[in-house]
There are 2 protein chains.
Amino acid sequence: MNETDIIPSITYPSQRSSGEPPRVVIVGAGFGGLEAALKLGRAPVHVTVIDRNNHYVFQPLLYQVATAYLSPADITAPIRTVLRRQRNTEVLLAEATAVDVAAREVRVRDEITGAERSVPYDYLVLATGAGESYFGRDDWATYAPSLKTIPDATALRRKVLLAFEEAELTAASDPERVRSLLTFVIVGGGPTGVELAGAIAELAHRTLRGDFRHIDVTSARIVLVEALPRLLNTFPESLSEKATRKLEKLGVEVRTGGRVEEVDADGVIVAGERIASHTVIWAAGVKASPAGAWIGAETDRAGRVLVSGDLSVPGHPEIFVLGDTASATGDDGKPLPGVAPVAMQQGRYVGRAIRTHVEGRESPHPFKYFNKGNLATIGRSFAIADFGFARVSGFIAWVLWLGVHILYLIGFRNRLLVMVQWAWEYFTYEHGARIITPMRQPEQRALPAEPEPVPAGRT
Amino acid sequence: MNETDIIPSITYPSQRSSGEPPRVVIVGAGFGGLEAALKLGRAPVHVTVIDRNNHYVFQPLLYQVATAYLSPADITAPIRTVLRRQRNTEVLLAEATAVDVAAREVRVRDEITGAERSVPYDYLVLATGAGESYFGRDDWATYAPSLKTIPDATALRRKVLLAFEEAELTAASDPERVRSLLTFVIVGGGPTGVELAGAIAELAHRTLRGDFRHIDVTSARIVLVEALPRLLNTFPESLSEKATRKLEKLGVEVRTGGRVEEVDADGVIVAGERIASHTVIWAAGVKASPAGAWIGAETDRAGRVLVSGDLSVPGHPEIFVLGDTASATGDDGKPLPGVAPVAMQQGRYVGRAIRTHVEGRESPHPFKYFNKGNLATIGRSFAIADFGFARVSGFIAWVLWLGVHILYLIGFRNRLLVMVQWAWEYFTYEHGARIITPMRQPEQRALPAEPEPVPAGRT
């Protein structure tokens with residue numbers, strides 16, 4: 001191995017000797033990547049976790065940040081802290097840009113110094129997740145942002161809250177504009193779209209009631225658009241019907257069976273009808289990260305890597321792909337859904353697989369997904385749950401949803417805080433994180449990589 | 001009054017009739033402005049509160065956001081929510097740019113539509129706070145940001161956390177750079193500077209311990225620079241000595257009696273000595289907002305308006321100035337300090353004064369500040385308190401500090417959350433809000449006023 005191929009700052013004495021431990025490189029510290037890293041905590045390997053963020057994000061609750069229920073910090077945990085106790089593990093705050101499968105190196109660039117480096121690996125785990133797909137109409141992203149990252153969520157929170165503020169400012173002078181400002185269109189009737197629609201409806205119709213003097217927030221329109229004949233099509237029909245009725249009770253217009261034909265600055269065109277809207281949110285399609293292209297592997301239409309039964313890449317037993325980046329099938333032969341439990345189970349499986357291989361024990365059975373059930377929540381006290389053998393909906397399902405999500409939030413602190421917050425907001429309809437920032441000084445203008453003047457500000 | 005001078009969206013039918021209620025315009029929803037507005041809730045007036053942020057900020061805890069203890073939402077409350085129950089009050093999300101004292105109008109510009117308007121007033125309350133002063137060296141702001149707003153705090157949090165990350169990335173290759181990255185210089189030995197220094201010392205020496213593999217975070221230098229002979233010079237000498245000793249125990253280098261001669265990209269020069277530092281924070285001087293210039297009033301050197309005994313502007317009984325914007329003197333003839341209790345008491349006083357005047361009752365006695373005592377905290381379990389008749393320091397004072405601050409946090413939710421958070425962090429040294437964002441997508445790039453593409457992102 002060429003000396004210069006090693007990142008200077010992560011050269012370990014042991015790596016220079018022949019008896020160096022095998023190097024496991026995990027790209028992406030999401031649900032799957034973190035679980036894999038945690039499983040390798042006591043294995044005789046050197047683990048490098050690469051992520052371009054310093055924090056792990058609990059994605060299922062992003063919509064609550066976008067709707068001002070929670071603060072970004074409530075659904076994140078520093079990656080370093082999660083892995084702190086693993087002395088064989090280090091975290092590299094950098095972005096993977098390519099993989100050299102022949103040389104067994106990951107190319108990375110860090111945002112801070114801008115330096116390019118190579119990280120050599122003996123085992124590679126690709127858990128880079130997925131981004132949104134606009135089905136070939138990427139220009140729509142301009143007008144219909146999606147919800148995949150913390151910046152997405154805070155930007156959306158800002159856009160939604162500012163829509164009400166602008167409506168208040170223009171009330172008398174331009175009713176047309178006000179209608180458009182108070183119309184929120186969510187494209188995509190999956191769990192994210194449904195949860196967003198419910199949360200925005202409650203924000204507008206309940207939380208903000210009484211806050212404004214020149215607009216009637218209860219007149220806000222929330223439109224949920226789904227091209228398929230029904231919402232939540234991964235759930236049984238009976239449950240998606242219940243969800244639809246609940247959404248309509250919350251004041252959401254549910255439009256199923258109508259495809260979005262156009263998205264522009266004025267709103268959307270759905271099944272030939274134009275809906276004027278200032279705020280269009282995209283929750284329709286996902287597209288896997290480019291990891292598949294990095295390693296030149298075979299991918300499905302969504303760009304997910306077709307993996308073997310042990311989640312390794314055919315022809316590359318040393319490379320594993322999991323979570324939203326992988327295309328694996330369940331016992332029923334259907335592709336596994338892009339949900340957290342799948343990624344977490346796959347992460348643990350891959351961690352174990354690498355450990356057994358390093359320890360020279362027999363390789364494990366193929367990965368099997370154990371489906372504990374699907375959950376989706378609508379508003380603040382209603383959810384649907386499908387356990388296959390049983391289907392639950394309503395308040396009980398919501399309590400279940402609450403418990404599961406709090407349980408899975410990494411870090412005691414966040415769990416407790418989120419519980420307190422939810423309890424409070426459940427009884428008051430207050431959204432605690434209703435903060436529009438930055439108003440005047442954009443964060444990274446106020447603090448650029450290259451220093452530049454910081455304008456003085458009034459609070 | 002000219003019809004077109006009224007903001008269309010806040011034209012009330014009553015304003016067109018002769019029997020319209022007197023209009024009170026309050027510029028700035030800080031401690032003082034909000035208290036004034038709250039006192040007028042039931043008065044026969046129409047109140048307009050103008051602020052360029054949608055949220056109120058609990059400034060004394062900004063340093064805890066900057067050091068990742070708290071999230072922005074934990075120390076903020078939506079202004080509209082605070083004033084929701086006052087049907088005679090409206091909130092205008094806009095920035096005041098000038099005052100026409102002859103026409104009795106405030107000129108405002110709103111960030112959202114960019115429209116300029118005039119807001120007519122019968123009574124004007126200026127509570128626009130203060131910004132930082134670089135003593136004529138505004139170019140220093142480039143390298144030594146200050147801490148006055150939420151964006152300041154999140155930007156500083158980002159800079160501090162990234163300093164450790166960059167040090168980890170460059171560890172082996174450039175020891176010089178690492179030393180500079182791990183050196184934090186705080187300029188100004190007042191309460192803010194002392195609180196910042198203590199919090200950063202604990203962040204570096206305790207919280208981050210174990211998180212990195214290639215740097216020794218306990219080697220981080222925290223230097224607190226004060227030009228005067230001692231820290232916290234508004235406190236009795238005995239207490240500032242105690243504070244100094246505590247800071248040194250926490251690993252802070254306290255440099256008193258040395259003036260900062262230069263601030264540049266490489267660090268600072270203090271009393272002829274160069275200290276190489278990547279992170280220099282300015283907590284030295286404050287400068288009142290331009291409100292004084294707006295009304296052409298007489299101001300002191302810091303730009304604060306010299307007010308009469310009833311906090312009105314000489315020659316303008318209808319204009320009141322309070323908080324950091326006003327220069328008032330206490331019984332001892334000394335100028336009142338720029339602290340929250342002064343602003344709050346002044347706000348309540350002005351609210352009452354306007355109400356009595358509107359109701360035709362006799363005008364009140366001159367404003368008198370009741371000093372309940374001064375508090376400053378050093379680190380997580382030590383504070384100093386000066387009540388004039390008594391002086392307390394140590395843990396008891398800290399508990400006092402904790403109680404007072406939680407008590408004053410507006411909104412039950414924040415109080416409870418912050419208590420939970422503090423309790424947790426007190427026992428664990430965890431900083432819950434250690435989130436560096438945006439890494440890839442700056443918030444307002446991801447969501448501009450004018451739509452532009454939102455890059456897809458990986459969490």
# chains A, B, ... in the order shown; residues from 1 in each chain; ligands from 1
>>> select_by_dssp(residues="segment 185-378 of chain A", states="helix (DSSP H, G or I)", output="PyMOL selection string")
chain A and resi 191-207+217-219+237-249+291-294+323-325+340-358
>>> residues_around(residues="segment 116-128 of chain B", least_positions_apart="5", cutoff="6 Å", atoms="only C-alpha atoms", output="list of chain:residue names")
B:Asp5, B:Ile6, B:Pro22, B:Arg23, B:Val24, B:Val25, B:Ile26, B:Val27, B:Gly28, B:Gly33, B:Arg104, B:Glu105, B:Val106, B:Arg107, B:Val108, B:Arg109, B:Glu318, B:Ile319, B:Phe320, B:Val321, B:Leu322
>>> write_last_selection(atoms="C-alpha atoms", output="tab-separated table (two decimals), in the first residue's frame")
chain	number	residue	atom	x	y	z
B	5	ASP	CA	-49.57	57.76	4.98
B	6	ILE	CA	-51.24	54.82	6.65
B	22	PRO	CA	-54.51	57.16	19.94
B	23	ARG	CA	-51.84	55.18	18.08
B	24	VAL	CA	-48.87	53.95	20.08
B	25	VAL	CA	-45.98	52.74	17.94
B	26	ILE	CA	-43.28	50.68	19.68
B	27	VAL	CA	-40.08	50.09	17.72
B	28	GLY	CA	-38.16	47.06	18.95
B	33	GLY	CA	-40.46	47.21	24.06
B	104	ARG	CA	-45.28	61.90	13.50
B	105	GLU	CA	-44.55	58.91	11.30
B	106	VAL	CA	-42.12	56.01	11.45
B	107	ARG	CA	-40.69	54.92	8.11
B	108	VAL	CA	-40.43	51.16	7.81
B	109	ARG	CA	-39.23	48.68	5.21
B	318	GLU	CA	-44.80	62.08	22.80
B	319	ILE	CA	-41.51	60.20	22.17
B	320	PHE	CA	-40.07	57.83	24.75
B	321	VAL	CA	-36.69	56.10	24.61
B	322	LEU	CA	-35.68	53.19	26.83
>>> residues_around(residues="Arg230 of chain A", least_positions_apart="6", cutoff="9 Å", atoms="only C-alpha atoms", output="PyMOL selection string")
chain A and resi 189+237+240-241+244+255-257
>>> closest_atom_pairs(of="segment 247-328 of chain A", to="segment 208-228 of chain A", cutoff="10 Å", atoms="only C-alpha atoms", output="CSV")
residue,atom,partner,partner_atom,distance
A:Leu247,CA,A:Leu224,CA,9.3
A:Glu248,CA,A:Ile222,CA,9.9
A:Leu250,CA,A:Ile222,CA,9.5
A:Gly251,CA,A:Ile222,CA,7.2
A:Val252,CA,A:Ile222,CA,5.0
A:Glu253,CA,A:Val223,CA,4.7
A:Val254,CA,A:Leu224,CA,4.9
A:Arg255,CA,A:Val225,CA,4.8
A:Thr256,CA,A:Glu226,CA,4.6
A:Gly257,CA,A:Ala227,CA,4.5
A:Gly258,CA,A:Ala227,CA,4.7
A:Arg259,CA,A:Ala227,CA,4.5
A:Val260,CA,A:Ala227,CA,7.3
A:Val270,CA,A:Val225,CA,7.9
A:Ala271,CA,A:Ala227,CA,9.2
A:Ile275,CA,A:Val223,CA,9.1
A:Ser277,CA,A:Arg221,CA,9.2
A:Thr279,CA,A:Ile222,CA,9.9
A:Val280,CA,A:Val223,CA,9.4
A:Ile281,CA,A:Leu224,CA,9.6
A:Trp282,CA,A:Val225,CA,9.9
A:Ala283,CA,A:Val225,CA,9.7
A:Ala284,CA,A:Glu226,CA,8.1
>>> select_by_dssp(residues="segment 2-190 of chain A", states="strand (DSSP E or B)", output="JSON, numbers by chain")
{"A": [23, 24, 25, 26, 27, 46, 47, 48, 49, 50, 51, 55, 56, 57, 76, 77, 78, 89, 90, 91, 92, 93, 95, 96, 97, 98, 99, 100, 105, 106, 107, 108, 109, 116, 117, 118, 119, 120, 123, 124, 125, 126, 130, 131, 132, 133, 146, 183, 184, 185, 186, 187]}
>>> atom_distance(atom1="atom CA of Leu182 of chain B", atom2="atom CA of Ala199 of chain B")
14.7 Å
>>> atom_distance(atom1="atom CA of Ala201 of chain A", atom2="atom CA of Tyr63 of chain A")
12.7 Å
>>> atom_distance(atom1="atom CA of Glu132 of chain B", atom2="atom CA of Ala66 of chain B")
16.2 Å
>>> closest_residue(among="B:Ile269, B:Val404, B:Ala144, B:Ala172", to="chain A", atoms="only C-alpha atoms")
B:Ala172
>>> closest_residue(among="B:Ala98, B:Ile50, B:Ala43, B:Leu83", to="chain A", atoms="only C-alpha atoms")
B:Leu83
>>> closest_residue(among="A:Arg177, A:Arg348, A:Arg158, A:Arg361", to="Ala36 of chain A", atoms="only C-alpha atoms")
A:Arg348
>>> decode(residues="segment 144-158 of chain A", atoms="all heavy atoms", output="PDB file, in the first residue's frame")
ATOM      1  N   ALA A 144     -40.424  23.793  -5.918  1.00  0.00           N
ATOM      2  CA  ALA A 144     -40.979  22.802  -4.979  1.00  0.00           C
ATOM      3  C   ALA A 144     -39.844  22.117  -4.230  1.00  0.00           C
ATOM      4  O   ALA A 144     -39.448  21.009  -4.570  1.00  0.00           O
ATOM      5  CB  ALA A 144     -41.818  21.780  -5.737  1.00  0.00           C
ATOM      6  N   PRO A 145     -39.290  22.780  -3.203  1.00  0.00           N
ATOM      7  CA  PRO A 145     -38.196  22.165  -2.446  1.00  0.00           C
ATOM      8  C   PRO A 145     -38.666  20.882  -1.778  1.00  0.00           C
ATOM      9  O   PRO A 145     -39.858  20.669  -1.572  1.00  0.00           O
ATOM     10  CB  PRO A 145     -37.850  23.234  -1.402  1.00  0.00           C
ATOM     11  CG  PRO A 145     -39.052  24.102  -1.305  1.00  0.00           C
ATOM     12  CD  PRO A 145     -39.679  24.082  -2.660  1.00  0.00           C
ATOM     13  N   SER A 146     -37.702  20.025  -1.463  1.00  0.00           N
ATOM     14  CA  SER A 146     -38.063  18.771  -0.800  1.00  0.00           C
ATOM     15  C   SER A 146     -37.511  18.778   0.618  1.00  0.00           C
ATOM     16  O   SER A 146     -36.985  19.793   1.083  1.00  0.00           O
ATOM     17  CB  SER A 146     -37.468  17.598  -1.570  1.00  0.00           C
ATOM     18  OG  SER A 146     -36.055  17.686  -1.497  1.00  0.00           O
ATOM     19  N   LEU A 147     -37.649  17.674   1.312  1.00  0.00           N
ATOM     20  CA  LEU A 147     -37.344  17.625   2.743  1.00  0.00           C
ATOM     21  C   LEU A 147     -36.463  16.423   3.049  1.00  0.00           C
ATOM     22  O   LEU A 147     -36.960  15.353   3.396  1.00  0.00           O
ATOM     23  CB  LEU A 147     -38.658  17.536   3.531  1.00  0.00           C
ATOM     24  CG  LEU A 147     -38.577  17.705   5.052  1.00  0.00           C
ATOM     25  CD1 LEU A 147     -37.935  19.025   5.416  1.00  0.00           C
ATOM     26  CD2 LEU A 147     -39.954  17.586   5.653  1.00  0.00           C
ATOM     27  N   LYS A 148     -35.136  16.631   2.877  1.00  0.00           N
ATOM     28  CA  LYS A 148     -34.213  15.508   3.093  1.00  0.00           C
ATOM     29  C   LYS A 148     -33.157  15.821   4.149  1.00  0.00           C
ATOM     30  O   LYS A 148     -32.577  14.908   4.728  1.00  0.00           O
ATOM     31  CB  LYS A 148     -33.509  15.161   1.777  1.00  0.00           C
ATOM     32  CG  LYS A 148     -34.385  14.393   0.809  1.00  0.00           C
ATOM     33  CD  LYS A 148     -34.335  12.892   1.050  1.00  0.00           C
ATOM     34  CE  LYS A 148     -35.478  12.185   0.343  1.00  0.00           C
ATOM     35  NZ  LYS A 148     -36.013  11.063   1.153  1.00  0.00           N
ATOM     36  N   THR A 149     -32.898  17.113   4.364  1.00  0.00           N
ATOM     37  CA  THR A 149     -31.812  17.497   5.278  1.00  0.00           C
ATOM     38  C   THR A 149     -32.292  18.555   6.270  1.00  0.00           C
ATOM     39  O   THR A 149     -33.362  19.143   6.100  1.00  0.00           O
ATOM     40  CB  THR A 149     -30.629  18.098   4.483  1.00  0.00           C
ATOM     41  OG1 THR A 149     -31.051  19.362   3.945  1.00  0.00           O
ATOM     42  CG2 THR A 149     -30.205  17.171   3.355  1.00  0.00           C
ATOM     43  N   ILE A 150     -31.465  18.816   7.271  1.00  0.00           N
ATOM     44  CA  ILE A 150     -31.785  19.868   8.247  1.00  0.00           C
ATOM     45  C   ILE A 150     -31.901  21.231   7.558  1.00  0.00           C
ATOM     46  O   ILE A 150     -32.884  21.948   7.785  1.00  0.00           O
ATOM     47  CB  ILE A 150     -30.718  19.908   9.364  1.00  0.00           C
ATOM     48  CG1 ILE A 150     -30.842  18.693  10.270  1.00  0.00           C
ATOM     49  CG2 ILE A 150     -30.806  21.193  10.177  1.00  0.00           C
ATOM     50  CD1 ILE A 150     -32.018  18.721  11.219  1.00  0.00           C
ATOM     51  N   PRO A 151     -30.955  21.589   6.685  1.00  0.00           N
ATOM     52  CA  PRO A 151     -31.141  22.864   5.974  1.00  0.00           C
ATOM     53  C   PRO A 151     -32.437  22.901   5.168  1.00  0.00           C
ATOM     54  O   PRO A 151     -33.114  23.937   5.127  1.00  0.00           O
ATOM     55  CB  PRO A 151     -29.911  22.951   5.069  1.00  0.00           C
ATOM     56  CG  PRO A 151     -28.874  22.172   5.783  1.00  0.00           C
ATOM     57  CD  PRO A 151     -29.608  21.031   6.435  1.00  0.00           C
ATOM     58  N   ASP A 152     -32.809  21.759   4.558  1.00  0.00           N
ATOM     59  CA  ASP A 152     -34.113  21.713   3.879  1.00  0.00           C
ATOM     60  C   ASP A 152     -35.228  22.074   4.860  1.00  0.00           C
ATOM     61  O   ASP A 152     -36.112  22.879   4.559  1.00  0.00           O
ATOM     62  CB  ASP A 152     -34.403  20.292   3.353  1.00  0.00           C
ATOM     63  CG  ASP A 152     -33.547  19.916   2.153  1.00  0.00           C
ATOM     64  OD1 ASP A 152     -32.913  20.824   1.577  1.00  0.00           O
ATOM     65  OD2 ASP A 152     -33.504  18.726   1.825  1.00  0.00           O
ATOM     66  N   ALA A 153     -35.163  21.478   6.046  1.00  0.00           N
ATOM     67  CA  ALA A 153     -36.247  21.643   7.024  1.00  0.00           C
ATOM     68  C   ALA A 153     -36.314  23.082   7.539  1.00  0.00           C
ATOM     69  O   ALA A 153     -37.400  23.672   7.603  1.00  0.00           O
ATOM     70  CB  ALA A 153     -36.056  20.678   8.183  1.00  0.00           C
ATOM     71  N   THR A 154     -35.165  23.664   7.879  1.00  0.00           N
ATOM     72  CA  THR A 154     -35.192  25.037   8.403  1.00  0.00           C
ATOM     73  C   THR A 154     -35.588  26.012   7.292  1.00  0.00           C
ATOM     74  O   THR A 154     -36.279  26.989   7.541  1.00  0.00           O
ATOM     75  CB  THR A 154     -33.819  25.428   8.977  1.00  0.00           C
ATOM     76  OG1 THR A 154     -32.797  25.100   8.045  1.00  0.00           O
ATOM     77  CG2 THR A 154     -33.559  24.683  10.278  1.00  0.00           C
ATOM     78  N   ALA A 155     -35.161  25.718   6.072  1.00  0.00           N
ATOM     79  CA  ALA A 155     -35.544  26.581   4.945  1.00  0.00           C
ATOM     80  C   ALA A 155     -37.058  26.513   4.726  1.00  0.00           C
ATOM     81  O   ALA A 155     -37.716  27.535   4.518  1.00  0.00           O
ATOM     82  CB  ALA A 155     -34.802  26.158   3.676  1.00  0.00           C
ATOM     83  N   LEU A 156     -37.602  25.308   4.837  1.00  0.00           N
ATOM     84  CA  LEU A 156     -39.043  25.147   4.637  1.00  0.00           C
ATOM     85  C   LEU A 156     -39.817  25.835   5.764  1.00  0.00           C
ATOM     86  O   LEU A 156     -40.788  26.560   5.522  1.00  0.00           O
ATOM     87  CB  LEU A 156     -39.393  23.654   4.581  1.00  0.00           C
ATOM     88  CG  LEU A 156     -40.813  23.307   4.149  1.00  0.00           C
ATOM     89  CD1 LEU A 156     -41.159  23.992   2.833  1.00  0.00           C
ATOM     90  CD2 LEU A 156     -40.963  21.793   4.003  1.00  0.00           C
ATOM     91  N   ARG A 157     -39.332  25.658   7.001  1.00  0.00           N
ATOM     92  CA  ARG A 157     -39.957  26.332   8.147  1.00  0.00           C
ATOM     93  C   ARG A 157     -40.004  27.834   7.886  1.00  0.00           C
ATOM     94  O   ARG A 157     -41.036  28.480   8.049  1.00  0.00           O
ATOM     95  CB  ARG A 157     -39.138  26.039   9.408  1.00  0.00           C
ATOM     96  CG  ARG A 157     -39.648  26.730  10.658  1.00  0.00           C
ATOM     97  CD  ARG A 157     -38.787  26.394  11.868  1.00  0.00           C
ATOM     98  NE  ARG A 157     -37.462  26.996  11.809  1.00  0.00           N
ATOM     99  CZ  ARG A 157     -36.507  26.774  12.717  1.00  0.00           C
ATOM    100  NH1 ARG A 157     -36.712  25.945  13.705  1.00  0.00           N
ATOM    101  NH2 ARG A 157     -35.341  27.358  12.587  1.00  0.00           N
ATOM    102  N   ARG A 158     -38.865  28.354   7.426  1.00  0.00           N
ATOM    103  CA  ARG A 158     -38.765  29.782   7.139  1.00  0.00           C
ATOM    104  C   ARG A 158     -39.772  30.192   6.063  1.00  0.00           C
ATOM    105  O   ARG A 158     -40.494  31.183   6.205  1.00  0.00           O
ATOM    106  CB  ARG A 158     -37.331  30.069   6.685  1.00  0.00           C
ATOM    107  CG  ARG A 158     -37.042  31.482   6.287  1.00  0.00           C
ATOM    108  CD  ARG A 158     -35.526  31.641   6.038  1.00  0.00           C
ATOM    109  NE  ARG A 158     -35.246  32.738   5.149  1.00  0.00           N
ATOM    110  CZ  ARG A 158     -35.331  34.012   5.505  1.00  0.00           C
ATOM    111  NH1 ARG A 158     -35.700  34.327   6.730  1.00  0.00           N
ATOM    112  NH2 ARG A 158     -35.072  34.963   4.642  1.00  0.00           N
TER     113      ARG A 158
END
